[in-house]
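For reference, the structure discussed in these notes is given below.
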Amino acid sequence: MRIAVMATCLGDAVAPQAVRATVELLERLGHDVVFPPGQTCCGQMHVNTGYLREALPVVRHATEVFGPVADGEWDAVVAPSGSCTGCVRHQHAMVARRGGDEALAVRAEAVAARTYELSELLVDVLGVTDVGAYYPHRVTYHPTCHSLRMLRVGDKPLQLLRAVRGLELVELPDAEVCCGFGGTFALKNADTSTAMLADKMSAVLSTRAEVCSAGDSSCLLHIGGGLGRLRTGVRTVHLAEVLASTEATQTPSARSLAAGVAAGVPRTETGEDPAADPTEEAPV
């Protein structure tokens, strides 16, 4: 299958490792992966804050860049992001119609019909749950709001994680509760966002996982910022990175850390209490 990758703004700016992992994973599975030049923002930030008029040219550009999926130049578009995929699938045509551009709306619908979040593409389109990954770590998974509620990916990410060799998957308490990021919500409602983050961190720490994974770099940035500030030793790793990992990519230090955690050694390398109180002020 010929698959176009939508890197997303966040992937381009702060989380390129998730995009690279997506490409490595799909190529390892035997697919032809392309990166359409000229791609920028999907327009989600504009739409979600009410700037529909300003979002229209962004939507038009995104549809032009990824439009060849409707013309057979590639078979699907994949994004390592539930929120950006949700924007393409559920908002682009709406923005076009409200802007009075029906032709663009029809074109956007054609692109949306073949645009997938990574776990959707793997499980629903490619029909695979075991991607040949190896990741010897204790992992908990946070289902992000857009992937869970807008795309309804269900347990597809968990199916993929359960098939990873060496991975111990531990259930996250109150998993369906928002982490508090919500894009501009975290800026406009900082206190509420920080309180929600504290609850999410408490849930993550209660699992004694080494890694908290998710399908959206934005949520991982938020959760990882809090966990890092408290020096908990828990890392945040995108689902794509876990699935792209193989025995060859595991470093000796990573194997040593996994063995130490399995033996009950505290996760932090700083000597501080790994169960530090996550209710103290955390960054947004």
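Every chain in the structure tokens has a letter given in the order shown (A, B, ...), and although residue numbers restart at 1 in each chain, ligands are simply numbered from 1 in the order shown.
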
Write out as a tab-separated table a residue-level contact list of region 121-189 of chain A versus region 247-250 of chain A with cut-off 12 Å: for each qualifying residue the closest pair of atoms and the distance in Å to one decimal, counting only C-alpha atoms, rows sorted by chain and residue number upward.
```
residue	atom	partner	partner_atom	distance
A:Gly132	CA	A:Glu247	CA	9.7
A:Ala133	CA	A:Glu247	CA	7.8
A:Tyr134	CA	A:Glu247	CA	5.5
A:Tyr135	CA	A:Glu247	CA	7.4
A:Pro136	CA	A:Gln250	CA	8.5
A:His137	CA	A:Gln250	CA	10.6
A:Val164	CA	A:Glu247	CA	11.0
A:Arg165	CA	A:Glu247	CA	9.2
A:Gly166	CA	A:Glu247	CA	9.5
A:Leu167	CA	A:Glu247	CA	11.8
```

Worksheet entry | Residues within 12 Å of region 176-187 of chain A, only C-alpha atoms, excluding chain neighbours under 5 positions, as a VMD selection string | chain A and resid 10 44 to 50 83 to 84 141 to 149 152 154 to 155 171 192 to 204 214 216 to 226 282 to 284

Worksheet entry | A:Val65, A:Ala240, A:Ala175, A:Leu56 ranked by distance to Gly100 (chain A), top pick (using only C-alpha atoms) | A:Leu56

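Counting only C-alpha atoms, the residue from A:Leu104, A:Met94, A:Leu239, A:Ala76 that sits nearest to Asp32 (chain A) is A:Ala76.
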
Practice prompt. Find the residue from A:Met150, A:Asp101, A:Phe66, A:Val131 that sits nearest to Gly86 (chain A); use only C-alpha atoms when measuring.
Written response: A:Met150
